[in-house]
Amino acid sequence: MRSELIGLVAAAGLASAMVAAVVTTPAAAAVVTAPATRAAPSTAPSTAPSTAPSTGPSPAAIDAYLRRTMKSTGLPGMSVVVTHRDRVVLARGYGHDADGEPVTETTPMRVASVSKSFTAMAVMTLVDDGRLSLDEPVAGRLREFRMADPRAGRITVRQLLNQTSGLSDTTVDIGATQAATSLAGYVSALGTGTLAADPGTHWEYCNVNYDLAARLVEVVGGQGFGDYMRRHVFGPLGMTGSAVGARSVADRAIKPAEGFDSVYGAWVARPELPGFRGGGSGGVVTDAADMGRWLIGQNGHGRLPVTPQSLRTMHAPSKVRDYGMGWGQETVDGVRLLVHSGNLFTYTAVQAIAPDTGYGFAVMTNSAALYDDTYDVLTGLVAMSEGGTPEVPGGGRQTYELALGLIAVAAAGLGVLGVLRSRRWAGRRAGSAGLWTGARLLPALLPAALFAAYPELISLLMNGRTVTWAQLTYFAAPLTITFAVAAAAGAVTTVVRLARLRSVVSHR
């Protein structure tokens, strides 16, 4: 999956239609369009650049590509790791964080939904220990997991990890879950929810699946989810710079700096949106050096916290969809990949492994925008691993936000023009039937009507995923501002026209 919220980009096309609706003056007509479119290993893997195999890219070549990428994308900060079989080819950081500190291979990064593959591994450690079965009902282990749908009692552990449980953002109270302060409270908040489909029959991406899985780890593992991850997943892999949520581990504080949002091309530092981030769907904080150890393990090298069979189970697709347990399947330039992306509101990440070649890749940025550059960086690295010449990414974010900026300027200009010509408009409509005059006012009001339903429209584009106004002020800010300008221009034009019309009629 390129992005959990990629539907926001497609919504940019709606903005152009809204601006076009503002244009209702006889002498002015314009249509502006926007593009549419997200226990330590016995031999710990080295994080120093290795001598790459003759058929693969050298550390110097990868570094040169990434430096060009930083210039072409304009990203504030990025950390990247490339692995091959049991070696780290390159782990490095570029740019800066919101505090002005340079990003390095040990800079903490929020990886959002990349966390799901870590949660799946935590569950599989319990399966390997014989303490949990993939095909047992979740409700049998979690007393607080009760829903207003009897089918929920049939959801199995496997279905949670495969995202085939029937759980959906459209049928549970996501707002209540986000207000939770613990995994137990999170699960209890699902009580009023229902399922969108029978368990095991339908795939739907839903964070609730993995937060439920994290609560399972707590209950069966007998300790907090973060502690279990540290002792049974991060620890065995040597990932000393990783944690669930921002916290201190041993003598090191693992706390990411504020991230950035792109607002019409300018990067603005912002705190991540508040909400429950201690769960299994998106709570992991890690760095490039640790991701190197993780990717090496995912390719079957080093000492793993799970058996090889469990690793294969995690990577295998379900019977319903080509999604395993925190891993999706894609083919890029003919290369078969296992991939998972992650998007918060100020951080973005993507990871991939190529089982046939033994390569692993992770790209993490301390920023979020309508266009996700991390996936393009990933595809360039995949091309290099195959001996190809990568296309240098960049321009997508700038192009989309420039288009939205032009739309906003055009909407404001048309609104001013509508106000200036309102007297002429009123004079032409004064003798018309009221119904006809009202019909001529409706196009100018359309942007405001659409803006009032803006979160619902975006949710519709995202297959029912819950979207709030607060979320739309983050990386969707350019789109939100453009919608607001178009709505305001149409509303002001309408009000002034009505006032002019009333004045003209009263003086006749």
# chains A, B, ... in the order shown; residues from 1 in each chain; ligands from 1
call {"tool": "select_by_dssp", "arguments": {"residues": "region 224-271 of chain A", "states": "strand (DSSP E or B)", "output": "MDAnalysis selection string"}}
result
chainID A and resid 243:244 247:249 252:254 259:263 266:270
call {"tool": "write_last_selection", "arguments": {"atoms": "N, CA and C atoms", "output": "PDB file, in the first residue's frame"}}
result
ATOM      1  N   ALA A 243      11.095   1.649  20.286  1.00  0.00           N
ATOM      2  CA  ALA A 243      10.128   1.550  21.377  1.00  0.00           C
ATOM      3  C   ALA A 243       8.734   1.730  20.818  1.00  0.00           C
ATOM      4  N   VAL A 244       7.737   1.443  21.643  1.00  0.00           N
ATOM      5  CA  VAL A 244       6.350   1.745  21.300  1.00  0.00           C
ATOM      6  C   VAL A 244       6.000   3.055  21.978  1.00  0.00           C
ATOM      7  N   ARG A 247       9.273   7.126  24.580  1.00  0.00           N
ATOM      8  CA  ARG A 247       9.584   6.721  25.946  1.00  0.00           C
ATOM      9  C   ARG A 247      11.086   6.555  26.107  1.00  0.00           C
ATOM     10  N   SER A 248      11.510   6.349  27.330  1.00  0.00           N
ATOM     11  CA  SER A 248      12.923   6.115  27.609  1.00  0.00           C
ATOM     12  C   SER A 248      13.154   4.618  27.734  1.00  0.00           C
ATOM     13  N   VAL A 249      14.188   4.147  27.121  1.00  0.00           N
ATOM     14  CA  VAL A 249      14.583   2.749  27.227  1.00  0.00           C
ATOM     15  C   VAL A 249      16.024   2.730  27.718  1.00  0.00           C
ATOM     16  N   ARG A 252      18.507   5.758  27.307  1.00  0.00           N
ATOM     17  CA  ARG A 252      18.309   6.534  26.087  1.00  0.00           C
ATOM     18  C   ARG A 252      16.852   6.945  25.944  1.00  0.00           C
ATOM     19  N   ALA A 253      16.616   8.223  25.683  1.00  0.00           N
ATOM     20  CA  ALA A 253      15.267   8.717  25.431  1.00  0.00           C
ATOM     21  C   ALA A 253      14.941   8.549  23.954  1.00  0.00           C
ATOM     22  N   ILE A 254      13.903   7.790  23.675  1.00  0.00           N
ATOM     23  CA  ILE A 254      13.494   7.573  22.288  1.00  0.00           C
ATOM     24  C   ILE A 254      12.265   8.445  22.060  1.00  0.00           C
ATOM     25  N   GLY A 259       7.321  16.820  13.701  1.00  0.00           N
ATOM     26  CA  GLY A 259       7.472  16.632  12.265  1.00  0.00           C
ATOM     27  C   GLY A 259       7.052  17.877  11.503  1.00  0.00           C
ATOM     28  N   PHE A 260       6.966  17.738  10.195  1.00  0.00           N
ATOM     29  CA  PHE A 260       6.641  18.868   9.329  1.00  0.00           C
ATOM     30  C   PHE A 260       5.442  18.543   8.443  1.00  0.00           C
ATOM     31  N   ASP A 261       4.681  19.591   8.097  1.00  0.00           N
ATOM     32  CA  ASP A 261       3.665  19.511   7.055  1.00  0.00           C
ATOM     33  C   ASP A 261       4.010  20.502   5.959  1.00  0.00           C
ATOM     34  N   SER A 262       3.709  20.124   4.739  1.00  0.00           N
ATOM     35  CA  SER A 262       3.946  21.009   3.603  1.00  0.00           C
ATOM     36  C   SER A 262       2.703  21.846   3.346  1.00  0.00           C
ATOM     37  N   VAL A 263       2.856  23.163   3.381  1.00  0.00           N
ATOM     38  CA  VAL A 263       1.741  24.084   3.135  1.00  0.00           C
ATOM     39  C   VAL A 263       2.113  24.949   1.938  1.00  0.00           C
ATOM     40  N   ALA A 266       5.866  25.134   1.504  1.00  0.00           N
ATOM     41  CA  ALA A 266       6.685  25.513   2.664  1.00  0.00           C
ATOM     42  C   ALA A 266       6.502  24.482   3.770  1.00  0.00           C
ATOM     43  N   TRP A 267       7.607  24.069   4.395  1.00  0.00           N
ATOM     44  CA  TRP A 267       7.540  23.100   5.481  1.00  0.00           C
ATOM     45  C   TRP A 267       7.293  23.804   6.802  1.00  0.00           C
ATOM     46  N   VAL A 268       6.262  23.377   7.518  1.00  0.00           N
ATOM     47  CA  VAL A 268       5.878  23.971   8.788  1.00  0.00           C
ATOM     48  C   VAL A 268       5.977  22.902   9.870  1.00  0.00           C
ATOM     49  N   ALA A 269       6.771  23.170  10.913  1.00  0.00           N
ATOM     50  CA  ALA A 269       6.919  22.214  12.019  1.00  0.00           C
ATOM     51  C   ALA A 269       5.649  22.203  12.855  1.00  0.00           C
ATOM     52  N   ARG A 270       5.168  20.985  13.185  1.00  0.00           N
ATOM     53  CA  ARG A 270       3.928  20.867  13.945  1.00  0.00           C
ATOM     54  C   ARG A 270       3.996  19.645  14.861  1.00  0.00           C
TER      55      ARG A 270
END
call {"tool": "residues_around", "arguments": {"residues": "region 316-323 of chain A", "least_positions_apart": "2", "cutoff": "8 Å", "atoms": "only C-alpha atoms", "output": "PDB file with all heavy atoms, in the first residue's frame"}}
result
ATOM      1  N   ASN A 162      -4.596 -10.683   9.390  1.00  0.00           N
ATOM      2  CA  ASN A 162      -4.820 -10.646   7.942  1.00  0.00           C
ATOM      3  C   ASN A 162      -5.781  -9.530   7.523  1.00  0.00           C
ATOM      4  O   ASN A 162      -6.042  -9.356   6.340  1.00  0.00           O
ATOM      5  CB  ASN A 162      -5.388 -11.976   7.450  1.00  0.00           C
ATOM      6  CG  ASN A 162      -4.365 -13.090   7.400  1.00  0.00           C
ATOM      7  OD1 ASN A 162      -4.710 -14.257   7.507  1.00  0.00           O
ATOM      8  ND2 ASN A 162      -3.101 -12.750   7.206  1.00  0.00           N
ATOM      9  N   THR A 164      -8.972  -9.457   7.939  1.00  0.00           N
ATOM     10  CA  THR A 164     -10.185 -10.072   7.380  1.00  0.00           C
ATOM     11  C   THR A 164     -11.225 -10.320   8.475  1.00  0.00           C
ATOM     12  O   THR A 164     -12.093 -11.170   8.325  1.00  0.00           O
ATOM     13  CB  THR A 164      -9.845 -11.405   6.684  1.00  0.00           C
ATOM     14  OG1 THR A 164      -9.245 -12.303   7.630  1.00  0.00           O
ATOM     15  CG2 THR A 164      -8.897 -11.190   5.512  1.00  0.00           C
ATOM     16  N   GLY A 200     -13.596 -13.396   8.164  1.00  0.00           N
ATOM     17  CA  GLY A 200     -12.920 -14.292   7.230  1.00  0.00           C
ATOM     18  C   GLY A 200     -13.389 -14.218   5.799  1.00  0.00           C
ATOM     19  O   GLY A 200     -12.847 -14.928   4.945  1.00  0.00           O
ATOM     20  N   THR A 201     -14.344 -13.333   5.486  1.00  0.00           N
ATOM     21  CA  THR A 201     -14.899 -13.295   4.124  1.00  0.00           C
ATOM     22  C   THR A 201     -14.505 -12.059   3.337  1.00  0.00           C
ATOM     23  O   THR A 201     -14.677 -12.029   2.118  1.00  0.00           O
ATOM     24  CB  THR A 201     -16.438 -13.350   4.166  1.00  0.00           C
ATOM     25  OG1 THR A 201     -16.941 -12.173   4.824  1.00  0.00           O
ATOM     26  CG2 THR A 201     -16.916 -14.587   4.904  1.00  0.00           C
ATOM     27  N   HIS A 202     -13.985 -11.045   4.009  1.00  0.00           N
ATOM     28  CA  HIS A 202     -13.762  -9.763   3.340  1.00  0.00           C
ATOM     29  C   HIS A 202     -12.534  -9.098   3.928  1.00  0.00           C
ATOM     30  O   HIS A 202     -12.344  -9.082   5.136  1.00  0.00           O
ATOM     31  CB  HIS A 202     -15.000  -8.871   3.521  1.00  0.00           C
ATOM     32  CG  HIS A 202     -14.830  -7.468   3.021  1.00  0.00           C
ATOM     33  ND1 HIS A 202     -14.804  -7.151   1.689  1.00  0.00           N
ATOM     34  CD2 HIS A 202     -14.679  -6.286   3.696  1.00  0.00           C
ATOM     35  CE1 HIS A 202     -14.651  -5.842   1.555  1.00  0.00           C
ATOM     36  NE2 HIS A 202     -14.569  -5.292   2.750  1.00  0.00           N
ATOM     37  N   TRP A 203     -11.683  -8.513   3.064  1.00  0.00           N
ATOM     38  CA  TRP A 203     -10.504  -7.787   3.533  1.00  0.00           C
ATOM     39  C   TRP A 203     -10.829  -6.307   3.597  1.00  0.00           C
ATOM     40  O   TRP A 203     -11.382  -5.736   2.648  1.00  0.00           O
ATOM     41  CB  TRP A 203      -9.331  -7.995   2.584  1.00  0.00           C
ATOM     42  CG  TRP A 203      -8.056  -7.328   3.043  1.00  0.00           C
ATOM     43  CD1 TRP A 203      -7.088  -7.883   3.825  1.00  0.00           C
ATOM     44  CD2 TRP A 203      -7.608  -5.994   2.741  1.00  0.00           C
ATOM     45  NE1 TRP A 203      -6.066  -6.992   4.036  1.00  0.00           N
ATOM     46  CE2 TRP A 203      -6.362  -5.816   3.378  1.00  0.00           C
ATOM     47  CE3 TRP A 203      -8.129  -4.944   2.000  1.00  0.00           C
ATOM     48  CZ2 TRP A 203      -5.627  -4.634   3.304  1.00  0.00           C
ATOM     49  CZ3 TRP A 203      -7.407  -3.748   1.928  1.00  0.00           C
ATOM     50  CH2 TRP A 203      -6.180  -3.608   2.562  1.00  0.00           C
ATOM     51  N   ARG A 312       7.306 -17.269   7.553  1.00  0.00           N
ATOM     52  CA  ARG A 312       6.612 -17.540   6.278  1.00  0.00           C
ATOM     53  C   ARG A 312       5.114 -17.281   6.407  1.00  0.00           C
ATOM     54  O   ARG A 312       4.474 -16.768   5.481  1.00  0.00           O
ATOM     55  CB  ARG A 312       6.889 -18.982   5.830  1.00  0.00           C
ATOM     56  CG  ARG A 312       8.310 -19.222   5.346  1.00  0.00           C
ATOM     57  CD  ARG A 312       8.446 -20.583   4.667  1.00  0.00           C
ATOM     58  NE  ARG A 312       8.305 -21.688   5.616  1.00  0.00           N
ATOM     59  CZ  ARG A 312       9.316 -22.222   6.285  1.00  0.00           C
ATOM     60  NH1 ARG A 312      10.553 -21.753   6.122  1.00  0.00           N
ATOM     61  NH2 ARG A 312       9.121 -23.230   7.111  1.00  0.00           N
ATOM     62  N   THR A 313       4.557 -17.632   7.549  1.00  0.00           N
ATOM     63  CA  THR A 313       3.124 -17.384   7.777  1.00  0.00           C
ATOM     64  C   THR A 313       2.832 -15.893   7.759  1.00  0.00           C
ATOM     65  O   THR A 313       1.825 -15.456   7.202  1.00  0.00           O
ATOM     66  CB  THR A 313       2.701 -17.985   9.132  1.00  0.00           C
ATOM     67  OG1 THR A 313       2.910 -19.395   9.107  1.00  0.00           O
ATOM     68  CG2 THR A 313       1.230 -17.702   9.412  1.00  0.00           C
ATOM     69  N   MET A 314       3.695 -15.107   8.363  1.00  0.00           N
ATOM     70  CA  MET A 314       3.510 -13.662   8.376  1.00  0.00           C
ATOM     71  C   MET A 314       3.547 -13.080   6.969  1.00  0.00           C
ATOM     72  O   MET A 314       2.820 -12.130   6.658  1.00  0.00           O
ATOM     73  CB  MET A 314       4.594 -12.993   9.228  1.00  0.00           C
ATOM     74  CG  MET A 314       4.486 -13.250  10.716  1.00  0.00           C
ATOM     75  SD  MET A 314       5.965 -12.668  11.590  1.00  0.00           S
ATOM     76  CE  MET A 314       5.970 -10.934  11.141  1.00  0.00           C
ATOM     77  N   MET A 325       0.501 -10.642   7.167  1.00  0.00           N
ATOM     78  CA  MET A 325       0.346 -10.148   8.528  1.00  0.00           C
ATOM     79  C   MET A 325       1.258  -8.943   8.692  1.00  0.00           C
ATOM     80  O   MET A 325       2.413  -9.053   9.100  1.00  0.00           O
ATOM     81  CB  MET A 325       0.681 -11.251   9.533  1.00  0.00           C
ATOM     82  CG  MET A 325      -0.261 -12.446   9.432  1.00  0.00           C
ATOM     83  SD  MET A 325       0.176 -13.776  10.571  1.00  0.00           S
ATOM     84  CE  MET A 325      -1.207 -14.916  10.284  1.00  0.00           C
ATOM     85  N   GLY A 326       0.742  -7.774   8.329  1.00  0.00           N
ATOM     86  CA  GLY A 326       1.542  -6.561   8.346  1.00  0.00           C
ATOM     87  C   GLY A 326       2.423  -6.395   7.135  1.00  0.00           C
ATOM     88  O   GLY A 326       3.326  -5.554   7.122  1.00  0.00           O
ATOM     89  N   TRP A 327       2.152  -7.177   6.083  1.00  0.00           N
ATOM     90  CA  TRP A 327       2.902  -7.073   4.822  1.00  0.00           C
ATOM     91  C   TRP A 327       1.940  -7.223   3.646  1.00  0.00           C
ATOM     92  O   TRP A 327       1.160  -8.174   3.598  1.00  0.00           O
ATOM     93  CB  TRP A 327       3.975  -8.161   4.721  1.00  0.00           C
ATOM     94  CG  TRP A 327       5.104  -8.010   5.684  1.00  0.00           C
ATOM     95  CD1 TRP A 327       5.223  -8.599   6.902  1.00  0.00           C
ATOM     96  CD2 TRP A 327       6.276  -7.214   5.503  1.00  0.00           C
ATOM     97  NE1 TRP A 327       6.400  -8.222   7.509  1.00  0.00           N
ATOM     98  CE2 TRP A 327       7.069  -7.373   6.664  1.00  0.00           C
ATOM     99  CE3 TRP A 327       6.742  -6.389   4.474  1.00  0.00           C
ATOM    100  CZ2 TRP A 327       8.302  -6.732   6.830  1.00  0.00           C
ATOM    101  CZ3 TRP A 327       7.966  -5.747   4.637  1.00  0.00           C
ATOM    102  CH2 TRP A 327       8.720  -5.914   5.799  1.00  0.00           C
ATOM    103  N   GLY A 328       2.037  -6.307   2.677  1.00  0.00           N
ATOM    104  CA  GLY A 328       1.308  -6.441   1.429  1.00  0.00           C
ATOM    105  C   GLY A 328       2.252  -6.897   0.334  1.00  0.00           C
ATOM    106  O   GLY A 328       3.479  -6.880   0.514  1.00  0.00           O
ATOM    107  N   GLN A 329       1.706  -7.306  -0.779  1.00  0.00           N
ATOM    108  CA  GLN A 329       2.530  -7.773  -1.889  1.00  0.00           C
ATOM    109  C   GLN A 329       2.417  -6.818  -3.071  1.00  0.00           C
ATOM    110  O   GLN A 329       1.322  -6.395  -3.431  1.00  0.00           O
ATOM    111  CB  GLN A 329       2.106  -9.178  -2.321  1.00  0.00           C
ATOM    112  CG  GLN A 329       2.310 -10.227  -1.252  1.00  0.00           C
ATOM    113  CD  GLN A 329       2.112 -11.647  -1.780  1.00  0.00           C
ATOM    114  OE1 GLN A 329       1.985 -11.864  -2.974  1.00  0.00           O
ATOM    115  NE2 GLN A 329       2.089 -12.607  -0.873  1.00  0.00           N
TER     116      GLN A 329
END
call {"tool": "atom_distance", "arguments": {"atom1": "CA of Val485 (chain A)", "atom2": "CA of Arg421 (chain A)"}}
result
19.0 Å
call {"tool": "closest_atom_pairs", "arguments": {"of": "region 85-194 of chain A", "to": "region 355-361 of chain A", "cutoff": "12 Å", "atoms": "only C-alpha atoms", "output": "CSV"}}
result
residue,atom,partner,partner_atom,distance
A:Arg85,CA,A:Gly358,CA,4.7
A:Asp86,CA,A:Gly358,CA,8.4
A:Arg87,CA,A:Tyr359,CA,9.4
A:Val88,CA,A:Gly360,CA,8.9
A:Val89,CA,A:Tyr359,CA,9.5
A:Leu90,CA,A:Phe361,CA,9.8
A:Ala91,CA,A:Phe361,CA,9.9
call {"tool": "select_by_dssp", "arguments": {"residues": "region 21-196 of chain A", "states": "helix (DSSP H, G or I)", "output": "count of residues only"}}
result
59
call {"tool": "closest_atom_pairs", "arguments": {"of": "region 191-262 of chain A", "to": "region 134-154 of chain A", "cutoff": "9 Å", "atoms": "only C-alpha atoms", "output": "tab-separated table"}}
result
residue	atom	partner	partner_atom	distance
A:Gly191	CA	A:Met147	CA	4.3
A:Thr192	CA	A:Ala148	CA	5.3
A:Gly193	CA	A:Met147	CA	5.6
A:Thr194	CA	A:Asp149	CA	4.9
A:Leu195	CA	A:Asp149	CA	6.6
A:Ala197	CA	A:Arg151	CA	8.9
A:Asp198	CA	A:Arg151	CA	6.8
A:Pro199	CA	A:Arg154	CA	6.8
A:Leu212	CA	A:Val138	CA	8.5
A:Ala213	CA	A:Val138	CA	8.6
A:Arg215	CA	A:Leu142	CA	8.0
A:Leu216	CA	A:Leu142	CA	7.0
A:Val219	CA	A:Leu142	CA	7.5
A:Val220	CA	A:Arg141	CA	7.7
call {"tool": "write_last_selection", "arguments": {"atoms": "N, CA, C and O atoms", "output": "mmCIF file, in the first residue's frame"}}
result
data_model
loop_
_atom_site.group_PDB
_atom_site.id
_atom_site.type_symbol
_atom_site.label_atom_id
_atom_site.label_comp_id
_atom_site.auth_asym_id
_atom_site.auth_seq_id
_atom_site.Cartn_x
_atom_site.Cartn_y
_atom_site.Cartn_z
ATOM 1 N N GLY A 191 -17.448 -1.438 22.159
ATOM 2 C CA GLY A 191 -18.672 -2.124 22.581
ATOM 3 C C GLY A 191 -19.895 -1.812 21.760
ATOM 4 O O GLY A 191 -20.765 -2.667 21.592
ATOM 5 N N THR A 192 -20.007 -0.587 21.238
ATOM 6 C CA THR A 192 -21.198 -0.219 20.464
ATOM 7 C C THR A 192 -21.062 -0.551 18.987
ATOM 8 O O THR A 192 -22.001 -0.343 18.218
ATOM 9 N N GLY A 193 -19.903 -1.030 18.597
ATOM 10 C CA GLY A 193 -19.649 -1.256 17.176
ATOM 11 C C GLY A 193 -20.220 -2.552 16.637
ATOM 12 O O GLY A 193 -20.618 -3.453 17.390
ATOM 13 N N THR A 194 -20.254 -2.635 15.311
ATOM 14 C CA THR A 194 -20.690 -3.844 14.613
ATOM 15 C C THR A 194 -19.635 -4.207 13.569
ATOM 16 O O THR A 194 -18.635 -3.510 13.417
ATOM 17 N N LEU A 195 -19.870 -5.278 12.846
ATOM 18 C CA LEU A 195 -18.969 -5.693 11.773
ATOM 19 C C LEU A 195 -19.547 -5.303 10.418
ATOM 20 O O LEU A 195 -20.768 -5.238 10.242
ATOM 21 N N ALA A 197 -18.727 -7.118 7.719
ATOM 22 C CA ALA A 197 -18.806 -8.371 6.959
ATOM 23 C C ALA A 197 -18.577 -9.534 7.911
ATOM 24 O O ALA A 197 -18.060 -9.360 9.023
ATOM 25 N N ASP A 198 -18.964 -10.727 7.484
ATOM 26 C CA ASP A 198 -18.691 -11.918 8.291
ATOM 27 C C ASP A 198 -17.187 -12.119 8.417
ATOM 28 O O ASP A 198 -16.440 -11.935 7.443
ATOM 29 N N PRO A 199 -16.698 -12.493 9.589
ATOM 30 C CA PRO A 199 -15.265 -12.729 9.763
ATOM 31 C C PRO A 199 -14.728 -13.730 8.737
ATOM 32 O O PRO A 199 -15.352 -14.758 8.464
ATOM 33 N N LEU A 212 -6.299 -4.371 18.636
ATOM 34 C CA LEU A 212 -6.805 -5.557 19.329
ATOM 35 C C LEU A 212 -5.696 -6.595 19.500
ATOM 36 O O LEU A 212 -5.562 -7.225 20.558
ATOM 37 N N ALA A 213 -4.895 -6.775 18.455
ATOM 38 C CA ALA A 213 -3.790 -7.732 18.529
ATOM 39 C C ALA A 213 -2.792 -7.318 19.613
ATOM 40 O O ALA A 213 -2.255 -8.168 20.338
ATOM 41 N N ARG A 215 -3.491 -5.683 22.342
ATOM 42 C CA ARG A 215 -4.102 -6.009 23.637
ATOM 43 C C ARG A 215 -3.986 -7.507 23.916
ATOM 44 O O ARG A 215 -3.747 -7.916 25.068
ATOM 45 N N LEU A 216 -4.109 -8.321 22.897
ATOM 46 C CA LEU A 216 -3.901 -9.761 23.059
ATOM 47 C C LEU A 216 -2.494 -10.042 23.580
ATOM 48 O O LEU A 216 -2.297 -10.890 24.460
ATOM 49 N N VAL A 219 -2.372 -9.279 27.301
ATOM 50 C CA VAL A 219 -3.084 -10.229 28.161
ATOM 51 C C VAL A 219 -2.378 -11.583 28.201
ATOM 52 O O VAL A 219 -2.134 -12.154 29.269
ATOM 53 N N VAL A 220 -2.030 -12.097 27.030
ATOM 54 C CA VAL A 220 -1.400 -13.417 26.971
ATOM 55 C C VAL A 220 0.058 -13.346 27.423
ATOM 56 O O VAL A 220 0.563 -14.248 28.087
#
call {"tool": "closest_residue", "arguments": {"among": "A:Ser113, A:Thr107, A:Ser367, A:Thr181", "to": "Ser242 (chain A)", "atoms": "only C-alpha atoms"}}
result
A:Thr107
call {"tool": "closest_residue", "arguments": {"among": "A:Leu381, A:Leu273, A:Ala352, A:Leu370", "to": "Asp63 (chain A)", "atoms": "only C-alpha atoms"}}
result
A:Leu381
call {"tool": "closest_residue", "arguments": {"among": "A:Val208, A:Ala368, A:Leu237, A:Ala452", "to": "Gly302 (chain A)", "atoms": "only C-alpha atoms"}}
result
A:Leu237
call {"tool": "residues_around", "arguments": {"residues": "region 279-291 of chain A", "least_positions_apart": "5", "cutoff": "8 Å", "atoms": "only C-alpha atoms", "output": "PyMOL selection string"}}
result
chain A and resi 47+79-81+91-93+105-116+118-119+183+207-215+225+238-246+254-256+342+362+364
call {"tool": "residues_around", "arguments": {"residues": "region 406-414 of chain A", "least_positions_apart": "6", "cutoff": "6 Å", "atoms": "only C-alpha atoms", "output": "mmCIF file with N, CA and C atoms, in the first residue's frame"}}
result
data_model
loop_
_atom_site.group_PDB
_atom_site.id
_atom_site.type_symbol
_atom_site.label_atom_id
_atom_site.label_comp_id
_atom_site.auth_asym_id
_atom_site.auth_seq_id
_atom_site.Cartn_x
_atom_site.Cartn_y
_atom_site.Cartn_z
ATOM 1 N N VAL A 19 -14.066 25.647 -7.534
ATOM 2 C CA VAL A 19 -13.688 26.964 -8.026
ATOM 3 C C VAL A 19 -14.469 27.298 -9.286
ATOM 4 N N THR A 482 -7.568 25.641 0.196
ATOM 5 C CA THR A 482 -8.145 25.910 -1.127
ATOM 6 C C THR A 482 -9.657 25.745 -1.098
ATOM 7 N N VAL A 485 -11.117 28.797 0.765
ATOM 8 C CA VAL A 485 -11.110 30.029 -0.037
ATOM 9 C C VAL A 485 -12.223 29.993 -1.084
ATOM 10 N N ALA A 486 -12.363 28.843 -1.752
ATOM 11 C CA ALA A 486 -13.421 28.720 -2.755
ATOM 12 C C ALA A 486 -14.796 28.862 -2.121
ATOM 13 N N ALA A 489 -15.302 32.554 -1.122
ATOM 14 C CA ALA A 489 -15.526 33.395 -2.300
ATOM 15 C C ALA A 489 -16.956 33.255 -2.809
#
call {"tool": "residues_around", "arguments": {"residues": "Gly380 (chain A)", "least_positions_apart": "3", "cutoff": "7 Å", "atoms": "only C-alpha atoms", "output": "list in words"}}
result
Asp376, Val377, Ala383, Met384, Pro390 and Glu391 of chain A
